[in-house]
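Report on the structure given below.
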Amino acid sequence: MNQNKIFDILSLPEDTESAVRSAILKNSVKSATKTAYCGEAPDFPLCKKMPVTRLSAVILLLCEKYDEYAAMGVPEKVIAETFRDVTLRANLYKEKTGKTGISKDDVIWFRHIMNLKIFKIGAIQFQAFNMLYLDDEFLGEPYMTFSSEQKTKLPAGASVINCHIPCGADLSAKAVKSSFDDASVLFQKLFPNEKFKAFICYSWLLFPDMVNRLPENSKIKAFAKNFKIIGRVQDNEQAFEYLFKKACKRPSKRLCKTFLQALAAENPKLFGFACGIICL
């Protein structure tokens with residue numbers, strides 16, 4: 001796939017596209033693509049580059065990855081939506097720092113695109129994944145706790161479809177159902193030899209204490225009800241980074257503009273991190 005087509009797909013802001021096109025003309029960016037994802041996460045060589053070099057190298061690599069996704073049989077619309085995560089993260093980085101580029105964490109996240117393992121289907125990103133439990137057995141230290149019965153029903157290493165909720169995702173019941181239905185069909189097509197056991201989701205959006213305080217017409221509440229919660233921990237770091245765009249232990253009420261922000265400022269202990277599954 002040529003660069004112009006990728007830029008058409010990404011629909012970057014004009015100033016960002018201009019900066020990236022200029023950077024791509026430099027040999028340093030082309031050189032960075034050759035070793036960008038060598039080694040293991042999180043120590044990818046691309047993480048050590050300047051923000052605009054990181055973004056430019058990722059966009060160059062998308063030219064190759066487009067053809068590889070297409071060869072798998074992934075529909076053009078899904079490829080485009082998957083790649084636009086680059087645009088989303090570049091825009092968030094610009095909003096946060098005032099600079100053109102992406103963060104080191106973004107580079108690490110995009111390994112899923114480079115490995116052809118993630119697909120944005122409608123509102124949600126879906127990733128071919130092997131089940132893991134974030135407990136002391138996997139992490140080497142206590143975090144979440146899962147029942148032995150649960151780990152027998154869905155063993156660690158089993159094939160699952162991991163769900164990620166992008167910033168600003170449409171979580172209306174119609175959009176969510178469409179995403180799950182389409183993902184089930186597409187994953188059967190793309191991975192015919194895999195027997196996926198469940199959808200799984202690790203997210204602050206599933207934490208029961210917070211969900212229970214949401215109004216009945218809440219889209220987040222409706223989304224969470226799709227899942228059976230199998231593990232939870234009172235770790236609100238992810239929630240507060242999303243809600244307030246930074247890590248904080250006790251958010252200020254002055255920053256609150258939404259119901260969730262106000263709830264977090266009033267009672268931080270209602271927020272945490274949970275693991276939910278939908279059995280297939």
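By convention here, the chains of the structure tokens are called A, B, ... in the order presented, each chain's residues are numbered starting at 1, and ligands are numbered starting at 1 in the order presented.
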Could you go through region 10-255 of chain A and tell me which residues DSSP, when run on the backbone, assigns to helix (DSSP H, G or I), listing them as a compact mmCIF listing (two decimals) with C-alpha atoms, in the first residue's frame?
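Saved result, selection-v7.txt, follows:
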# COMPACT_ATOMS: atom_id res chain seq x y z
CA LEU A 10 -5.66 8.11 8.71
CA GLU A 14 -3.17 19.02 8.34
CA ASP A 15 -0.28 20.18 10.52
CA THR A 16 0.38 16.66 11.80
CA GLU A 17 0.36 15.17 8.30
CA SER A 18 2.70 17.89 7.05
CA ALA A 19 5.17 17.25 9.90
CA VAL A 20 5.06 13.49 9.32
CA ARG A 21 5.53 13.80 5.55
CA SER A 22 8.59 15.99 6.13
CA ALA A 23 10.00 13.54 8.67
CA ILE A 24 9.52 10.56 6.36
CA ASN A 27 16.81 8.68 6.21
CA SER A 28 16.66 8.46 10.00
CA VAL A 29 12.94 7.65 9.90
CA LYS A 30 13.30 5.02 7.19
CA SER A 31 16.18 3.53 9.15
CA ALA A 32 14.07 3.49 12.32
CA THR A 33 11.44 1.29 10.67
CA LYS A 34 13.97 -1.50 10.11
CA THR A 35 14.54 -2.12 13.81
CA PRO A 45 14.18 0.48 19.73
CA LEU A 46 11.48 2.81 18.38
CA CYS A 47 10.63 3.89 21.93
CA LYS A 48 14.02 5.63 22.14
CA PRO A 51 7.98 11.55 19.23
CA VAL A 52 7.58 12.63 15.59
CA THR A 53 10.00 9.88 14.49
CA ARG A 54 7.95 7.31 16.39
CA LEU A 55 4.75 8.42 14.67
CA SER A 56 6.35 8.66 11.23
CA ALA A 57 7.95 5.21 11.49
CA VAL A 58 4.66 3.64 12.60
CA ILE A 59 2.86 5.21 9.63
CA LEU A 60 5.51 3.91 7.22
CA LEU A 61 5.11 0.44 8.70
CA LEU A 62 1.34 0.64 8.17
CA CYS A 63 2.00 0.56 4.42
CA GLU A 64 3.33 -2.99 4.83
CA LYS A 65 0.77 -4.00 7.42
CA TYR A 66 -2.15 -2.95 5.22
CA ASP A 67 -1.16 -5.54 2.62
CA GLU A 68 -0.65 -8.19 5.29
CA TYR A 69 -4.05 -7.54 6.87
CA ALA A 70 -5.67 -7.63 3.43
CA ALA A 71 -3.95 -10.94 2.64
CA MET A 72 -5.54 -12.40 5.78
CA GLU A 76 -10.95 -2.82 4.03
CA LYS A 77 -13.28 -1.03 6.44
CA VAL A 78 -11.90 -2.96 9.41
CA ILE A 79 -8.30 -2.30 8.36
CA ALA A 80 -9.03 1.41 8.08
CA GLU A 81 -10.75 1.60 11.46
CA THR A 82 -7.93 -0.39 13.05
CA PHE A 83 -5.28 1.92 11.65
CA ARG A 84 -7.15 5.06 12.75
CA ASP A 85 -6.14 4.22 16.30
CA VAL A 86 -2.85 5.83 15.24
CA THR A 87 -4.74 9.04 14.47
CA LEU A 88 -6.60 8.91 17.77
CA ARG A 89 -3.42 8.49 19.79
CA ALA A 90 -1.50 11.10 17.80
CA ASN A 91 -4.31 13.59 18.44
CA LEU A 92 -4.37 12.79 22.16
CA TYR A 93 -0.59 13.19 22.33
CA LYS A 94 -0.80 16.57 20.59
CA GLU A 95 -3.57 17.67 22.95
CA LYS A 96 -1.54 16.63 26.00
CA THR A 97 1.94 17.83 24.99
CA LYS A 104 6.46 5.39 24.19
CA ASP A 105 3.35 3.64 25.52
CA ASP A 106 1.66 4.19 22.15
CA VAL A 107 4.63 2.60 20.36
CA ILE A 108 4.37 -0.42 22.66
CA TRP A 109 0.60 -0.64 22.12
CA ARG A 111 2.88 -3.91 18.51
CA HIS A 112 -0.57 -5.50 18.28
CA ILE A 113 -1.04 -3.97 14.82
CA MET A 114 2.46 -5.02 13.80
CA ASP A 136 0.26 -13.87 41.92
CA GLU A 137 0.71 -17.01 39.80
CA PHE A 138 1.28 -14.90 36.66
CA LEU A 139 2.66 -11.66 38.12
CA SER A 148 -9.80 -22.25 41.10
CA GLU A 149 -13.17 -23.16 39.55
CA GLN A 150 -12.90 -20.25 37.13
CA LYS A 151 -9.34 -21.16 36.15
CA THR A 152 -10.45 -24.74 35.52
CA LYS A 153 -13.35 -23.64 33.30
CA ALA A 173 -26.44 -1.07 23.12
CA LYS A 174 -26.91 -1.24 19.34
CA ALA A 175 -23.27 -0.40 18.57
CA VAL A 176 -21.91 -2.81 21.17
CA LYS A 177 -24.10 -5.71 20.01
CA SER A 178 -23.12 -5.09 16.40
CA SER A 179 -19.43 -5.09 17.34
CA PHE A 180 -19.63 -8.39 19.23
CA ASP A 181 -21.73 -10.07 16.54
CA ASP A 182 -19.41 -8.95 13.73
CA ALA A 183 -16.31 -9.88 15.74
CA SER A 184 -17.60 -13.42 16.30
CA VAL A 185 -18.10 -13.89 12.56
CA LEU A 186 -14.80 -12.28 11.50
CA PHE A 187 -12.66 -14.16 14.02
CA GLN A 188 -14.11 -17.48 12.86
CA LYS A 189 -13.16 -16.51 9.32
CA LEU A 190 -9.66 -15.24 10.12
CA TRP A 204 -12.02 0.09 34.89
CA LEU A 205 -15.37 0.28 33.09
CA LEU A 206 -16.33 -3.10 34.57
CA PRO A 208 -18.80 -3.32 40.05
CA ASP A 209 -18.75 -0.65 42.79
CA MET A 210 -18.62 2.11 40.19
CA VAL A 211 -21.07 0.43 37.82
CA LYS A 219 -24.25 3.19 28.43
CA ILE A 220 -21.29 2.12 30.55
CA LYS A 221 -23.61 0.22 32.87
CA ALA A 222 -25.29 -1.51 29.93
CA PHE A 223 -21.88 -2.43 28.49
CA ALA A 224 -20.65 -3.84 31.80
CA GLU A 237 -5.09 4.37 38.26
CA GLN A 238 -6.49 3.50 34.80
CA ALA A 239 -9.84 5.12 35.60
CA PHE A 240 -8.32 8.37 36.80
CA GLU A 241 -5.87 8.59 33.91
CA TYR A 242 -8.83 8.30 31.54
CA LEU A 243 -11.14 10.63 33.45
CA PHE A 244 -8.60 13.33 34.32
CA LYS A 253 -13.51 18.74 42.50
CA ARG A 254 -12.51 21.84 40.54
CA LEU A 255 -11.65 19.59 37.58
Considering only C-alpha atoms, return as a VMD selection string whatever protein or nucleic-acid residues lie within 6 Å of Phe271 (chain A), sequence-local ones (same chain, fewer than 2 positions apart) excluded.
-> chain A and resid 210 236 268 to 269
In Å to one decimal, how far is CA of Phe196 (chain A) from CA of Leu134 (chain A)?
->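 Between CA of Leu134 (chain A) and CA of Phe196 (chain A) the gap is 19.6 Å.
Taking CA of Gly39 (chain A) and CA of Ile6 (chain A) as endpoints, the distance between them is 26.1 Å.
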Hey, what's within 9 Å of Cys163 (chain A) if we count only C-alpha atoms and toss same-chain stuff fewer than 2 positions away? As JSON, numbers by chain, please?
-> {"A": [124, 125, 126, 127, 161, 165, 199, 200, 201, 202]}
Mind the document's chain letters and residue numbers, and return as a ChimeraX atom specification the residues of region 65-141 of chain A that DSSP labels strand (DSSP E or B).
-> /A:118-121,124-130
Take the residues just selected and output them with N, CA and C atoms as a PDB file, in the first residue's frame.
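What landed in again-v1.pdb:
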ATOM      1  N   ILE A 118      -4.829  -7.386  16.225  1.00  0.00           N
ATOM      2  CA  ILE A 118      -5.901  -6.544  16.735  1.00  0.00           C
ATOM      3  C   ILE A 118      -6.717  -5.982  15.574  1.00  0.00           C
ATOM      4  N   PHE A 119      -8.028  -5.823  15.830  1.00  0.00           N
ATOM      5  CA  PHE A 119      -8.958  -5.409  14.788  1.00  0.00           C
ATOM      6  C   PHE A 119     -10.024  -4.527  15.428  1.00  0.00           C
ATOM      7  N   LYS A 120     -10.246  -3.351  14.879  1.00  0.00           N
ATOM      8  CA  LYS A 120     -11.341  -2.517  15.372  1.00  0.00           C
ATOM      9  C   LYS A 120     -12.569  -2.819  14.534  1.00  0.00           C
ATOM     10  N   ILE A 121     -13.552  -3.369  15.187  1.00  0.00           N
ATOM     11  CA  ILE A 121     -14.767  -3.805  14.511  1.00  0.00           C
ATOM     12  C   ILE A 121     -15.927  -3.034  15.127  1.00  0.00           C
ATOM     13  N   ILE A 124     -15.528  -1.315  19.070  1.00  0.00           N
ATOM     14  CA  ILE A 124     -14.586  -1.954  19.990  1.00  0.00           C
ATOM     15  C   ILE A 124     -13.405  -2.569  19.238  1.00  0.00           C
ATOM     16  N   GLN A 125     -12.251  -2.561  19.888  1.00  0.00           N
ATOM     17  CA  GLN A 125     -11.079  -3.262  19.363  1.00  0.00           C
ATOM     18  C   GLN A 125     -11.062  -4.674  19.923  1.00  0.00           C
ATOM     19  N   PHE A 126     -10.771  -5.640  19.064  1.00  0.00           N
ATOM     20  CA  PHE A 126     -10.733  -7.035  19.468  1.00  0.00           C
ATOM     21  C   PHE A 126      -9.360  -7.614  19.134  1.00  0.00           C
ATOM     22  N   GLN A 127      -8.832  -8.397  20.061  1.00  0.00           N
ATOM     23  CA  GLN A 127      -7.475  -8.919  19.925  1.00  0.00           C
ATOM     24  C   GLN A 127      -7.468 -10.432  20.121  1.00  0.00           C
ATOM     25  N   ALA A 128      -6.865 -11.147  19.171  1.00  0.00           N
ATOM     26  CA  ALA A 128      -6.634 -12.576  19.359  1.00  0.00           C
ATOM     27  C   ALA A 128      -5.640 -12.737  20.499  1.00  0.00           C
ATOM     28  N   PHE A 129      -5.991 -13.556  21.496  1.00  0.00           N
ATOM     29  CA  PHE A 129      -5.269 -13.515  22.758  1.00  0.00           C
ATOM     30  C   PHE A 129      -5.291 -14.894  23.413  1.00  0.00           C
ATOM     31  N   ASN A 130      -4.325 -15.109  24.279  1.00  0.00           N
ATOM     32  CA  ASN A 130      -4.332 -16.305  25.123  1.00  0.00           C
ATOM     33  C   ASN A 130      -4.631 -15.880  26.549  1.00  0.00           C
TER      34      ASN A 130
END
